[in-house]
Structures are given as C-alpha cells and as structure tokens.
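*Asks:* So I've got this file, model16.cif, and it contains mmCIF, C-alpha atoms:
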data_coords
#
loop_
_atom_site.label_atom_id
_atom_site.label_comp_id
_atom_site.auth_asym_id
_atom_site.auth_seq_id
_atom_site.Cartn_x
_atom_site.Cartn_y
_atom_site.Cartn_z
CA MET A 30 69.83 251.25 120.63
CA SER A 31 72.19 253.90 121.94
CA SER A 32 72.08 257.51 120.88
CA PHE A 33 75.09 257.04 118.70
CA ASP A 34 73.66 253.95 117.11
CA GLN A 35 70.74 256.17 116.32
CA VAL A 36 73.04 258.56 114.51
CA LEU A 37 74.58 255.76 112.51
CA SER A 38 71.31 254.28 111.40
CA LEU A 39 69.46 257.30 110.17
CA PRO A 40 66.57 256.82 107.81
CA LYS A 41 67.45 256.47 104.18
CA PRO A 42 67.56 259.77 102.36
CA PRO A 43 64.89 260.38 99.75
CA GLU A 44 65.87 259.61 96.19
CA ALA A 45 68.89 257.65 97.31
CA HIS A 46 68.37 255.45 94.28
CA ASP A 47 69.05 258.43 92.02
CA TRP A 48 72.41 258.94 93.64
CA ASN A 49 73.19 255.32 92.97
CA ALA A 50 72.40 255.92 89.36
CA LYS A 51 75.04 258.64 89.28
CA GLY A 52 77.60 256.25 90.66
CA SER A 53 77.35 257.56 94.17
CA SER A 54 79.10 255.63 96.87
CA LEU A 55 76.33 256.62 99.23
CA ALA A 56 74.14 253.71 98.33
CA ALA A 57 70.78 253.12 99.87
CA GLY A 58 71.20 251.16 103.04
CA GLU A 59 74.96 251.74 103.08
CA ALA A 60 76.46 253.05 106.32
CA GLN A 61 75.86 256.76 106.09
CA VAL A 62 79.20 257.99 107.31
CA VAL A 63 80.21 261.18 105.60
CA THR A 64 83.52 262.89 105.93
CA ALA A 65 84.12 266.50 105.04
CA LYS A 66 85.93 265.40 101.92
CA THR A 67 83.26 263.06 100.63
CA TYR A 68 80.55 265.52 101.52
CA HIS A 69 82.00 268.32 99.46
CA TRP A 70 82.90 266.00 96.62
CA LYS A 71 79.39 264.62 96.43
CA ARG A 72 77.68 267.96 96.73
CA GLU A 73 79.90 269.65 94.17
CA SER A 74 79.58 266.82 91.71
CA LEU A 75 75.80 266.93 91.94
CA LEU A 76 75.69 270.67 91.39
CA ARG A 77 78.29 270.65 88.64
CA SER A 78 76.51 267.99 86.64
CA GLY A 79 73.19 269.71 87.04
CA SER A 80 71.73 266.42 88.03
CA ALA A 81 70.62 267.86 91.33
CA GLN A 82 67.80 269.60 89.56
CA GLY A 83 66.43 266.32 88.48
CA ILE A 84 66.60 264.73 91.84
CA GLY A 85 63.32 265.28 93.54
CA GLY A 86 63.10 268.70 91.95
CA SER A 87 64.49 270.34 95.03
CA GLU A 88 67.38 272.21 93.49
CA LYS A 89 67.07 275.88 94.34
CA ARG A 90 69.43 278.27 92.70
CA GLY A 91 69.72 281.95 93.26
CA ALA A 92 70.99 284.34 95.91
CA GLY A 93 74.13 282.23 96.08
CA THR A 94 72.41 279.22 97.54
CA ALA A 95 71.76 275.81 96.14
CA THR A 96 70.20 272.88 97.86
CA THR A 97 70.30 269.28 96.83
CA PRO A 98 68.56 266.30 98.41
CA PHE A 99 72.00 265.50 99.70
CA ASP A 100 71.98 268.81 101.57
CA GLU A 101 68.53 268.05 102.86
CA MET A 102 69.63 264.71 104.12
CA MET A 103 72.69 266.27 105.71
CA ASN A 104 70.52 268.89 107.39
CA GLY A 105 68.43 266.10 108.83
CA ARG A 106 71.51 264.23 109.94
CA SER A 107 72.96 267.40 111.39
CA ALA A 108 69.81 267.99 113.39
CA ILE A 109 69.93 264.50 114.85
CA ILE A 110 73.67 264.55 115.53
CA CYS A 111 73.39 268.00 117.12
CA ASN A 112 70.62 266.65 119.32
CA VAL A 113 72.62 263.59 120.32
CA LEU A 114 75.79 265.56 120.99
CA GLY A 115 73.96 268.28 122.86
CA LEU A 116 74.91 271.00 120.41
CA PRO A 117 72.56 273.90 119.74
CA LEU A 118 70.88 273.38 116.39
CA SER A 119 71.42 276.48 114.36
CA LYS A 120 71.93 277.43 110.74
CA HIS A 121 75.62 277.16 111.47
CA PHE A 122 75.34 273.40 111.56
CA GLN A 123 73.28 273.00 108.42
CA ASN A 124 75.28 271.17 105.79
CA THR A 125 77.96 270.51 108.37
CA PRO A 126 79.67 267.17 107.83
CA ASP A 127 79.58 264.68 110.68
CA ILE A 128 83.28 264.99 111.22
CA VAL A 129 82.98 268.69 112.03
CA LEU A 130 80.08 268.09 114.37
CA TYR A 131 82.00 265.50 116.34
CA ALA A 132 85.03 267.78 116.57
CA GLN A 133 82.79 270.64 117.64
CA ALA A 134 81.14 268.54 120.33
CA ILE A 135 84.49 267.35 121.69
CA ARG A 136 85.82 270.90 121.77
CA GLN A 137 82.74 272.16 123.55
CA ALA A 138 83.19 269.46 126.18
CA LEU A 139 86.87 270.38 126.60
CA GLN A 140 86.00 274.06 126.88
CA ALA A 141 83.61 273.14 129.69
CA ASP A 142 86.31 271.06 131.41
CA ARG A 143 84.30 267.88 130.75
CA VAL A 144 87.16 265.64 129.74
CA SER A 145 85.29 262.39 130.34
CA ALA A 146 82.44 263.60 128.14
CA ALA A 147 84.94 264.55 125.42
CA ARG A 148 86.43 261.06 125.61
CA ASN A 149 82.99 259.48 125.42
CA ILE A 150 82.13 261.44 122.31
CA PHE A 151 85.43 260.51 120.71
CA SER A 152 84.95 256.84 121.47
CA ALA A 153 81.54 256.98 119.77
CA ILE A 154 82.95 258.28 116.50
CA PRO A 155 82.53 255.70 113.73
CA PRO A 156 85.86 254.11 112.78
CA ALA A 157 85.60 255.47 109.25
CA LEU A 158 85.71 259.01 110.65
CA ALA A 159 88.18 258.40 113.45
CA VAL A 160 90.97 257.92 110.91
CA ASP A 161 90.65 261.55 109.85
CA PRO A 162 93.93 263.29 110.80
CA GLY A 163 92.10 266.16 112.51
CA LEU A 164 90.02 263.91 114.72
CA GLY A 165 93.01 261.64 115.20
CA SER A 166 95.05 264.46 116.70
CA ILE A 167 92.19 265.22 119.10
CA GLY A 168 92.04 261.56 120.06
CA HIS A 169 95.78 261.54 120.63
CA VAL A 170 95.60 264.08 123.46
CA LEU A 171 92.34 262.67 124.83
CA ALA A 172 93.84 259.21 125.17
CA LEU A 173 94.33 257.91 128.68
CA PRO A 174 97.91 258.11 129.89
CA VAL A 175 100.03 255.05 129.29
CA VAL A 176 102.08 254.16 132.34
CA HIS A 177 104.57 251.50 133.27
CA SER A 178 107.25 250.91 135.90
CA VAL A 179 110.86 251.51 135.00
CA VAL A 180 113.87 250.21 136.91
CA LYS A 181 115.40 253.58 137.57
CA HIS A 182 115.58 255.84 140.55
CA ASP A 183 116.86 259.15 141.76
CA THR A 184 118.81 259.74 144.95
CA ASP A 185 117.26 260.98 148.17
CA ARG A 186 116.95 264.75 147.79
CA SER A 187 116.23 265.60 151.44
CA LYS A 188 119.25 267.92 151.61
CA GLU A 189 118.20 269.74 148.45
CA PHE A 190 114.70 270.16 149.89
CA GLU A 191 116.18 271.55 153.09
CA TRP A 192 118.23 274.03 151.05
CA LEU A 193 115.07 275.12 149.20
CA ARG A 194 113.26 275.53 152.51
CA THR A 195 115.94 277.69 154.11
CA GLU A 196 117.58 279.45 151.15
CA GLY A 197 115.09 279.20 148.31
CA HIS A 198 113.26 282.44 149.09
CA LYS A 199 116.42 284.41 148.27
CA TYR A 200 116.11 283.27 144.65
CA HIS A 201 112.50 284.15 144.00
CA GLY A 202 111.73 284.03 140.27
CA GLN A 203 115.04 282.32 139.50
CA TRP A 204 115.86 278.83 138.30
CA VAL A 205 118.15 277.02 140.71
CA ALA A 206 120.21 273.83 140.40
CA VAL A 207 120.90 272.35 143.83
CA GLU A 208 122.98 269.34 144.77
CA LYS A 209 122.99 268.17 148.39
CA SER A 210 123.16 271.37 150.41
CA GLN A 211 124.93 273.32 147.71
CA LEU A 212 123.61 275.69 145.09
CA LEU A 213 125.43 274.89 141.87
CA VAL A 214 123.86 277.48 139.60
CA SER A 215 121.08 280.03 139.60
CA ALA A 216 119.85 281.84 136.50
CA PRO A 217 116.87 283.90 135.35
CA THR A 218 116.00 281.40 132.63
CA LEU A 219 116.07 277.63 132.36
CA LYS A 220 118.05 277.91 129.14
CA ALA A 221 120.79 279.92 130.88
CA LEU A 222 120.79 277.53 133.83
CA ARG A 223 121.18 274.45 131.65
CA SER A 224 123.86 276.16 129.62
CA GLN A 225 125.90 276.93 132.74
CA LEU A 226 125.41 273.41 134.05
CA LYS A 227 126.65 272.01 130.76
CA ILE A 228 129.79 274.13 130.89
CA ASN A 229 130.67 273.85 134.57
CA HIS A 230 128.91 270.80 135.98
CA GLN A 231 128.46 268.38 133.12
CA ASP A 232 128.89 265.30 135.33
CA ARG A 233 126.39 266.43 137.98
CA PHE A 234 122.69 265.67 138.32
CA PRO A 235 121.31 268.46 140.49
CA LEU A 236 117.68 269.04 141.34
CA ILE A 237 116.28 271.83 139.16
CA HIS A 238 113.52 274.11 140.33
CA ARG A 239 112.00 277.48 139.52
CA VAL A 240 111.43 279.30 142.80
CA VAL A 241 107.98 280.86 142.54
CA MET B 25 108.86 250.56 151.41
CA ILE B 26 106.10 248.96 149.34
CA LEU B 27 102.47 249.42 150.32
CA ARG B 28 100.22 246.42 149.89
CA HIS B 29 96.51 245.84 149.64
CA SER B 30 94.95 243.63 152.30
CA ASN B 31 94.94 240.79 149.74
CA GLY B 32 98.73 241.01 149.50
CA GLN B 33 98.76 242.63 146.09
CA ASP B 34 101.19 245.55 145.69
CA PHE B 35 99.65 249.00 145.91
CA SER B 36 102.87 250.85 145.22
CA THR B 37 106.12 249.94 143.54
CA GLY B 38 108.04 253.12 144.23
CA ARG B 39 108.50 255.73 146.90
CA ALA B 40 110.02 259.20 146.89
CA LYS B 41 110.57 261.85 149.50
CA TYR B 42 108.62 264.96 148.59
CA HIS B 43 109.25 268.64 149.20
CA ASP B 44 106.46 270.41 151.07
CA SER B 45 107.45 274.03 150.98
CA ASP B 46 104.92 276.61 152.08
CA ASN B 47 107.33 279.40 151.26
CA SER B 48 106.12 280.19 147.77
CA SER B 49 103.64 282.28 145.83
CA GLN B 50 101.47 279.20 145.26
CA GLY B 51 99.67 279.95 148.52
CA VAL B 52 100.20 279.93 152.24
CA THR B 53 99.47 276.28 152.84
CA ALA B 54 102.15 273.64 152.35
CA LYS B 55 102.28 272.15 148.88
CA ILE B 56 103.54 268.76 147.79
CA TYR B 57 106.30 268.83 145.19
CA VAL B 58 107.32 265.55 143.56
CA LYS B 59 110.29 264.80 141.34
CA ILE B 60 109.75 264.30 137.64
CA THR B 61 112.00 264.26 134.61
CA PHE B 62 111.84 264.08 130.85
CA ALA B 63 113.87 261.81 128.62
CA SER B 64 115.81 264.66 127.04
CA PHE B 65 116.30 266.51 130.31
CA GLY B 66 118.52 264.40 132.51
CA CYS B 67 118.09 266.21 135.82
CA PRO B 68 115.02 265.92 138.02
CA ILE B 69 112.72 268.90 138.37
CA LEU B 70 110.03 269.60 140.94
CA ALA B 71 106.35 269.55 140.03
CA LEU B 72 103.51 270.57 142.29
CA LEU B 73 101.02 267.76 142.90
CA ASP B 74 97.54 269.14 142.31
CA THR B 75 94.78 266.54 142.34
CA GLY B 76 92.22 269.28 141.75
CA ALA B 77 93.80 270.38 138.48
CA ALA B 78 92.09 269.14 135.36
CA TRP B 79 95.36 268.91 133.43
CA SER B 80 99.05 268.78 134.18
CA ILE B 81 100.77 272.03 133.26
CA LEU B 82 104.37 272.48 132.21
CA ASP B 83 106.25 275.66 132.95
CA ALA B 84 106.70 277.55 129.67
CA GLU B 85 110.48 277.26 129.81
CA ILE B 86 110.32 273.51 130.24
CA ALA B 87 107.82 273.27 127.40
CA GLU B 88 110.17 275.35 125.28
CA ALA B 89 113.12 273.10 126.16
CA LEU B 90 111.01 270.16 125.01
CA ASP B 91 110.06 271.92 121.73
CA LEU B 92 106.36 271.83 122.50
CA PHE B 93 105.45 275.25 121.11
CA ASP B 94 104.52 274.42 117.54
CA ASP B 95 100.99 275.86 117.55
CA ALA B 96 99.45 272.41 117.20
CA GLY B 97 97.16 270.72 119.70
CA GLU B 98 93.74 271.28 121.12
CA ILE B 99 93.16 274.51 123.00
CA VAL B 100 91.64 274.36 126.47
CA PRO B 101 90.90 277.18 128.89
CA ILE B 102 92.35 276.66 132.35
CA SER B 103 91.56 278.86 135.30
CA THR B 104 94.50 279.20 137.68
CA ARG B 105 95.56 281.14 140.73
CA LYS B 106 97.35 283.45 138.31
CA GLY B 107 94.31 283.98 136.08
CA SER B 108 92.71 282.27 133.12
CA TYR B 109 94.81 281.13 130.20
CA GLN B 110 94.29 279.28 126.95
CA PHE B 111 96.59 276.26 126.96
CA ARG B 112 97.43 273.75 124.27
CA LEU B 113 97.30 270.05 124.99
CA LYS B 114 100.41 268.05 124.15
CA ARG B 115 101.39 264.43 124.47
CA VAL B 116 104.75 263.97 126.21
CA ASN B 117 106.88 261.29 127.81
CA LEU B 118 107.80 261.91 131.41
CA GLU B 119 108.79 260.01 134.52
CA ILE B 120 107.85 260.31 138.16
CA LEU B 121 111.06 259.48 139.97
CA ALA B 122 111.40 257.14 142.92
CA ASP B 123 114.11 257.20 145.56
CA HIS B 124 113.37 253.56 146.33
CA GLY B 125 111.78 250.93 144.15
CA THR B 126 110.81 251.65 140.59
CA SER B 127 109.94 254.93 138.92
CA LEU B 128 106.91 255.40 136.69
CA SER B 129 107.17 256.24 133.01
CA PHE B 130 104.24 257.98 131.31
CA GLU B 131 103.06 258.88 127.90
CA ALA B 132 100.72 261.57 129.08
CA THR B 133 98.81 264.67 128.05
CA VAL B 134 99.92 268.00 129.47
CA ALA B 135 98.94 271.63 128.90
CA VAL B 136 101.42 274.26 127.73
CA GLN B 137 101.23 278.02 127.33
CA ARG B 138 103.97 280.47 126.34
CA ASP B 139 103.14 282.89 129.15
CA TRP B 140 102.88 280.29 131.91
CA LYS B 141 105.95 280.91 134.08
CA HIS B 142 104.49 279.85 137.40
CA GLY B 143 105.86 276.34 137.73
CA THR B 144 105.00 272.81 136.70
CA PHE B 145 101.92 271.01 137.96
CA ILE B 146 100.92 267.37 137.99
CA GLY B 147 97.16 267.21 137.55
CA TYR B 148 94.54 264.54 137.47
CA GLN B 149 93.32 264.22 133.88
CA GLY B 150 95.83 262.76 131.53
CA LEU B 151 98.29 261.70 134.24
CA LEU B 152 97.35 260.93 137.85
CA GLU B 153 94.17 259.19 136.71
CA ARG B 154 96.17 256.12 135.66
CA MET B 155 98.42 255.64 138.68
CA LYS B 156 97.89 254.76 142.30
CA PHE B 157 99.39 257.03 144.88
CA ALA B 158 99.41 257.72 148.60
CA VAL B 159 100.96 260.40 150.78
CA ASP B 160 102.62 259.95 154.17
CA PRO B 161 102.71 263.49 155.58
CA PHE B 162 104.62 262.43 158.70
CA ASP B 163 107.70 261.34 156.80
CA ASN B 164 107.00 263.22 153.55
CA PHE B 165 106.82 260.10 151.47
CA PHE B 166 104.96 259.87 148.17
CA TYR B 167 104.09 256.26 147.30
CA PHE B 168 103.07 255.31 143.79
CA GLY B 169 102.43 252.37 141.50
CA THR B 170 100.64 251.23 138.39
CA HIS B 171 97.22 249.70 138.32
CA THR B 172 97.37 245.92 138.08
CA PRO B 173 94.13 244.21 137.11
CA PRO B 174 93.11 241.65 139.73
CA SER B 175 94.33 238.17 138.91
CA THR B 176 91.65 235.60 138.17
#
Using the file provided, produce a representation of the structure as structure tokens.
*Replies:*
Amino acid sequence: MSSFDQVLSLPKPPEAHDWNAKGSSLAAGEAQVVTAKTYHWKRESLLRSGSAQGIGGSEKRGAGTATTPFDEMMNGRSAIICNVLGLPLSKHFQNTPDIVLYAQAIRQALQADRVSAARNIFSAIPPALAVDPGLGSIGHVLALPVVHSVVKHDTDRSKEFEWLRTEGHKYHGQWVAVEKSQLLVSAPTLKALRSQLKINHQDRFPLIHRVV
Amino acid sequence: MILRHSNGQDFSTGRAKYHDSDNSSQGVTAKIYVKITFASFGCPILALLDTGAAWSILDAEIAEALDLFDDAGEIVPISTRKGSYQFRLKRVNLEILADHGTSLSFEATVAVQRDWKHGTFIGYQGLLERMKFAVDPFDNFFYFGTHTPPST
C-alpha cells in the first residue's frame, strides 16, 4: 500500500453511523474524500442543528471554538496527510480540508524548485478532488509540455546573426528588427517596434531581439 | 540534416542555425540563442537556451504582448543572474523554428514577471524536457525532434 493509498483508506471516524442518521454523504466505509466545500457544509450543518452535541458528546463550545467528531476526524486525517506530504504538522493544518493540504504541498514543492515532486503529489490527488478548479489550474501548469512537429520553417538567419554580432552592441537595451544584414527598426519597447514594423514593413518577417 | 540513432530511428526532425553571441550582459561566455515564435507574433525572436534553468522565462514585453499578465497562475521564486524574482507560471503555445526540416510546436509552461526585462529563456522544466536536442558547435547547428516511443 502506497503512502497515498494510506491517506485514502483512513480508519473510519468514530460515530460515523450517527452522521449517516443525519443524512450525511460521508457514510461509513465510503471513500473519505473531502473537499473544502463539503467540509464546511458538513461542519456547519452539524453545528447549526446542534446535533454535534449528541455525537459522542465531544461538542465544545466557548471561546469561539467548537469541535465536532467531524473536526476530530479531519484533524486525524490532516495529521496523516501532513505526514505523507511532508508538511509540518501544526495547528494551522487542523481542520484543513484535504484539498488545501494537497495545494499547500504542491506549492511548497514548487517553492523549493522540486517540480517533479510537485507533479508526483498532483498525480496522487484523488480524482474527486482533482476536478476542483483551484487544483485544476495548478495541474494545468504542472502538466508536461505537449509537443509535435509542424511542417513550417524559418529562413536561414546567418546574416542577421552576423549583424547582431558586429552591430548589436550599439543598440544595448533596445529592441531590434533585423532582416539579412539590414536593421529595419530599433525601438526602446517591443510595442513601439511592432507598431513601426506594422506601419513601414508589414510584408517583412525580420528577426526580433532585445539586445541585453 | 537529420540525426539518426544507431538503430536507424530519427533523433531529430529539424535543424536551425543558432546565434552564439558572447557580447551581452548575460555573461562573458558564448550563449546559444535559438529561434522561437508565438502564434500571434509572426516574426521569430531569439531565446537563450538554458538547460540549467528550471523554467522557461519570457521577457516581460513579450508576455505583455501575449496578454499573460492577468494575475492568475502559480507563483514560483526563480533565482537569476539579475536577482531573485517571483514569477507566475503560464501555459502558452510556442514554436521552436527550424531552418531545415520541421519545426516543433509546444503547449508549454513558462514563467512571466512584469519586471523581467532581461530576455527570453528556454529552460528545462515545462519545455526542453519533452524534446530531443543536440548542438553542433562547429557549425552552430541546433538539432531537435520529438520523442518517438520505440516501435514494437
């Protein structure tokens, strides 16, 4: 069993049968995948109905805090997921939905320049969570590049390269558009360069470069 | 023009002459610039090949021309010769242009930053990692191709 399988097959929460009685979708034995949305919905509904007090007697009100067995289960889950993902277990992660933990782990990997690790974490996200728009956008940029050949080619730019070698240094910090051995346009910004090309050289395809 | 593996399978499908200027602020050693373009751009631009770079980086003015500054995308720190910056990751379509053979078209991830005005870089993650390439420094040729799974 892999570490992530371990996350997905956590022990049943205590009093899960009581949640079933309240019409919970988090049935005993059901895949325990919790999104931010379902987490808050479930927690709020338990507190609002007051039923939390009757579940295992663990409701604690006062000082702005309230804990349900659902919270307790989530804390346990958080601890295990934090451990698996290599995140420091702190109060910050208590009651944190899985989706946030995965995002946090991916971001930590990216911050540390560990792109492969970030991809591995993303690929381990349960499908039910991966459809979340937030995680989806992370997955979008983590995806491997898609590449294919296209029947298209540019001309040999040896003369342009020679111009850059011999004349380029005179245009330090500028954008230049060079065709063959001729400078067509130079400008301080790419926008200005493209604008001038559009006006004066619309039918040309020069090499564009910022001389740095 | 085309490089082949010893088993006869193509290694590269395209070849382009590269620019190897050492007359720039990118350092005193010669650098390899290859030609790339974007669908909405038309003209080729030069990008510095940097196999040591985690991500490809677009010059801020190119990113602006491609409308990539919308404050969306994951933020990554990148340490560069010009200092450390927080970049945003974006998915773009770009092409590496061949002089001979076929060019390569990518849907790839690049990093953009409004203050990055130090050129465009082709890095490993998100781009080079899915193509094959070789450099001939005697004739300044950059060979490239896609990965073809071995036939069974």
*Asks:* At what distance in Å, to one decimal, does atom CA of A:Ala216 lie from atom CA of A:Gln203?
*Replies:*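 Taking atom CA of A:Gln203 as the start and atom CA of A:Ala216 as the end point, the length is 5.7 Å.
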*Asks:* Name the closest residue to B:Asp95 among the candidates B:Ser36, B:Thr61, B:Gln137, B:Thr126; distances are taken between atoms, counting all atoms listed in the file.
*Replies:* B:Gln137
*Asks:* Evaluating the PyMOL selection byres ((chain B) within 6 of (chain A)) on the displayed file yields which residues, as a short mmCIF file (atom, residue, chain, number, x, y, z; two decimals) with C-alpha atoms, in the frame of the given file?
*Replies:*
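Result file out-v3.cif:
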data_model
loop_
_atom_site.label_atom_id
_atom_site.label_comp_id
_atom_site.auth_asym_id
_atom_site.auth_seq_id
_atom_site.Cartn_x
_atom_site.Cartn_y
_atom_site.Cartn_z
CA HIS B 43 109.25 268.64 149.20
CA SER B 48 106.12 280.19 147.77
CA SER B 49 103.64 282.28 145.83
CA CYS B 67 118.09 266.21 135.82
CA PRO B 68 115.02 265.92 138.02
CA ILE B 69 112.72 268.90 138.37
CA LEU B 70 110.03 269.60 140.94
CA VAL B 100 91.64 274.36 126.47
CA ARG B 115 101.39 264.43 124.47
CA LEU B 121 111.06 259.48 139.97
CA ALA B 122 111.40 257.14 142.92
CA ASP B 123 114.11 257.20 145.56
CA THR B 126 110.81 251.65 140.59
CA SER B 127 109.94 254.93 138.92
CA LEU B 128 106.91 255.40 136.69
CA SER B 129 107.17 256.24 133.01
CA PHE B 130 104.24 257.98 131.31
CA GLU B 131 103.06 258.88 127.90
CA ALA B 132 100.72 261.57 129.08
CA THR B 133 98.81 264.67 128.05
CA GLY B 150 95.83 262.76 131.53
CA LEU B 151 98.29 261.70 134.24
#
*Asks:* Pull out every residue that the PyMOL selection byres ((chain B and resi 93) around 10) matches in the shown coordinates and put them as a ChimeraX atom specification.
*Replies:* /B:84,87-92,94-97,112,114,136-138
*Asks:* Any idea what the distance is between atom CA of B:Ala77 and atom CA of A:Trp192?
*Replies:*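 One can read the atom CA of B:Ala77 to atom CA of A:Trp192 distance as 27.7 Å.
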*Asks:* What is the distance between atom CA of B:Ala63 and atom CA of B:Tyr42, in Å to one decimal?
*Replies:* 20.9 Å
*Asks:* Identify all residues satisfying the PyMOL selection byres ((chain B and resi 39) around 7) in the given file; provide them as a CSV table (one decimal) with C-alpha atoms, in the frame of the given file.
*Replies:*
chain,number,residue,atom,x,y,z
B,25,MET,CA,108.9,250.6,151.4
B,38,GLY,CA,108.0,253.1,144.2
B,40,ALA,CA,110.0,259.2,146.9
B,41,LYS,CA,110.6,261.8,149.5
B,122,ALA,CA,111.4,257.1,142.9
B,123,ASP,CA,114.1,257.2,145.6
B,124,HIS,CA,113.4,253.6,146.3
B,125,GLY,CA,111.8,250.9,144.2
B,165,PHE,CA,106.8,260.1,151.5
B,166,PHE,CA,105.0,259.9,148.2
B,167,TYR,CA,104.1,256.3,147.3
B,168,PHE,CA,103.1,255.3,143.8
*Asks:* Where's the centre, and what are the edge lengths in Å to one decimal, of a box along x, y and z enclosing all listed atoms of stretch 138-145 of chain A padded 4 Å per side, as lines of an AutoDock Vina configuration file?
*Replies:*
center_x = 85.2
center_y = 268.2
center_z = 128.8
size_x = 12.0
size_y = 19.7
size_z = 13.2
*Asks:* Quick test: take stretch 174-215 of chain A, keep C-alpha atoms, and write it as a PDB file, in the first residue's frame.
*Replies:*
ATOM      1  CA  PRO A 174       4.662  20.029 -22.319  1.00  0.00           C
ATOM      2  CA  VAL A 175       2.803  18.751 -25.334  1.00  0.00           C
ATOM      3  CA  VAL A 176       4.977  18.777 -28.427  1.00  0.00           C
ATOM      4  CA  HIS A 177       4.567  17.842 -32.048  1.00  0.00           C
ATOM      5  CA  SER A 178       6.303  18.517 -35.362  1.00  0.00           C
ATOM      6  CA  VAL A 179       4.864  21.118 -37.686  1.00  0.00           C
ATOM      7  CA  VAL A 180       5.652  21.473 -41.387  1.00  0.00           C
ATOM      8  CA  LYS A 181       6.889  25.011 -41.183  1.00  0.00           C
ATOM      9  CA  HIS A 182      10.286  26.610 -41.194  1.00  0.00           C
ATOM     10  CA  ASP A 183      12.070  29.902 -40.996  1.00  0.00           C
ATOM     11  CA  THR A 184      14.808  31.070 -43.333  1.00  0.00           C
ATOM     12  CA  ASP A 185      18.499  30.845 -42.535  1.00  0.00           C
ATOM     13  CA  ARG A 186      19.271  33.826 -40.304  1.00  0.00           C
ATOM     14  CA  SER A 187      23.080  33.688 -40.510  1.00  0.00           C
ATOM     15  CA  LYS A 188      23.248  37.244 -41.855  1.00  0.00           C
ATOM     16  CA  GLU A 189      21.019  38.551 -39.080  1.00  0.00           C
ATOM     17  CA  PHE A 190      23.224  36.787 -36.525  1.00  0.00           C
ATOM     18  CA  GLU A 191      26.297  38.364 -38.089  1.00  0.00           C
ATOM     19  CA  TRP A 192      24.658  41.788 -37.847  1.00  0.00           C
ATOM     20  CA  LEU A 193      23.893  41.165 -34.160  1.00  0.00           C
ATOM     21  CA  ARG A 194      27.497  40.105 -33.585  1.00  0.00           C
ATOM     22  CA  THR A 195      29.025  43.168 -35.215  1.00  0.00           C
ATOM     23  CA  GLU A 196      26.406  45.890 -34.694  1.00  0.00           C
ATOM     24  CA  GLY A 197      24.202  44.657 -31.881  1.00  0.00           C
ATOM     25  CA  HIS A 198      26.223  46.216 -29.068  1.00  0.00           C
ATOM     26  CA  LYS A 199      25.340  49.689 -30.376  1.00  0.00           C
ATOM     27  CA  TYR A 200      21.701  49.022 -29.500  1.00  0.00           C
ATOM     28  CA  HIS A 201      22.099  47.830 -25.936  1.00  0.00           C
ATOM     29  CA  GLY A 202      18.736  47.769 -24.144  1.00  0.00           C
ATOM     30  CA  GLN A 203      16.840  48.279 -27.407  1.00  0.00           C
ATOM     31  CA  TRP A 204      14.568  46.000 -29.382  1.00  0.00           C
ATOM     32  CA  VAL A 205      15.831  45.472 -32.917  1.00  0.00           C
ATOM     33  CA  ALA A 206      14.211  44.026 -36.043  1.00  0.00           C
ATOM     34  CA  VAL A 207      16.857  42.761 -38.457  1.00  0.00           C
ATOM     35  CA  GLU A 208      16.455  41.309 -41.920  1.00  0.00           C
ATOM     36  CA  LYS A 209      19.511  39.917 -43.693  1.00  0.00           C
ATOM     37  CA  SER A 210      22.265  42.399 -42.923  1.00  0.00           C
ATOM     38  CA  GLN A 211      19.910  45.310 -42.507  1.00  0.00           C
ATOM     39  CA  LEU A 212      18.409  46.858 -39.411  1.00  0.00           C
ATOM     40  CA  LEU A 213      14.774  47.598 -40.218  1.00  0.00           C
ATOM     41  CA  VAL A 214      13.708  49.143 -36.927  1.00  0.00           C
ATOM     42  CA  SER A 215      15.019  49.714 -33.433  1.00  0.00           C
TER      43      SER A 215
END
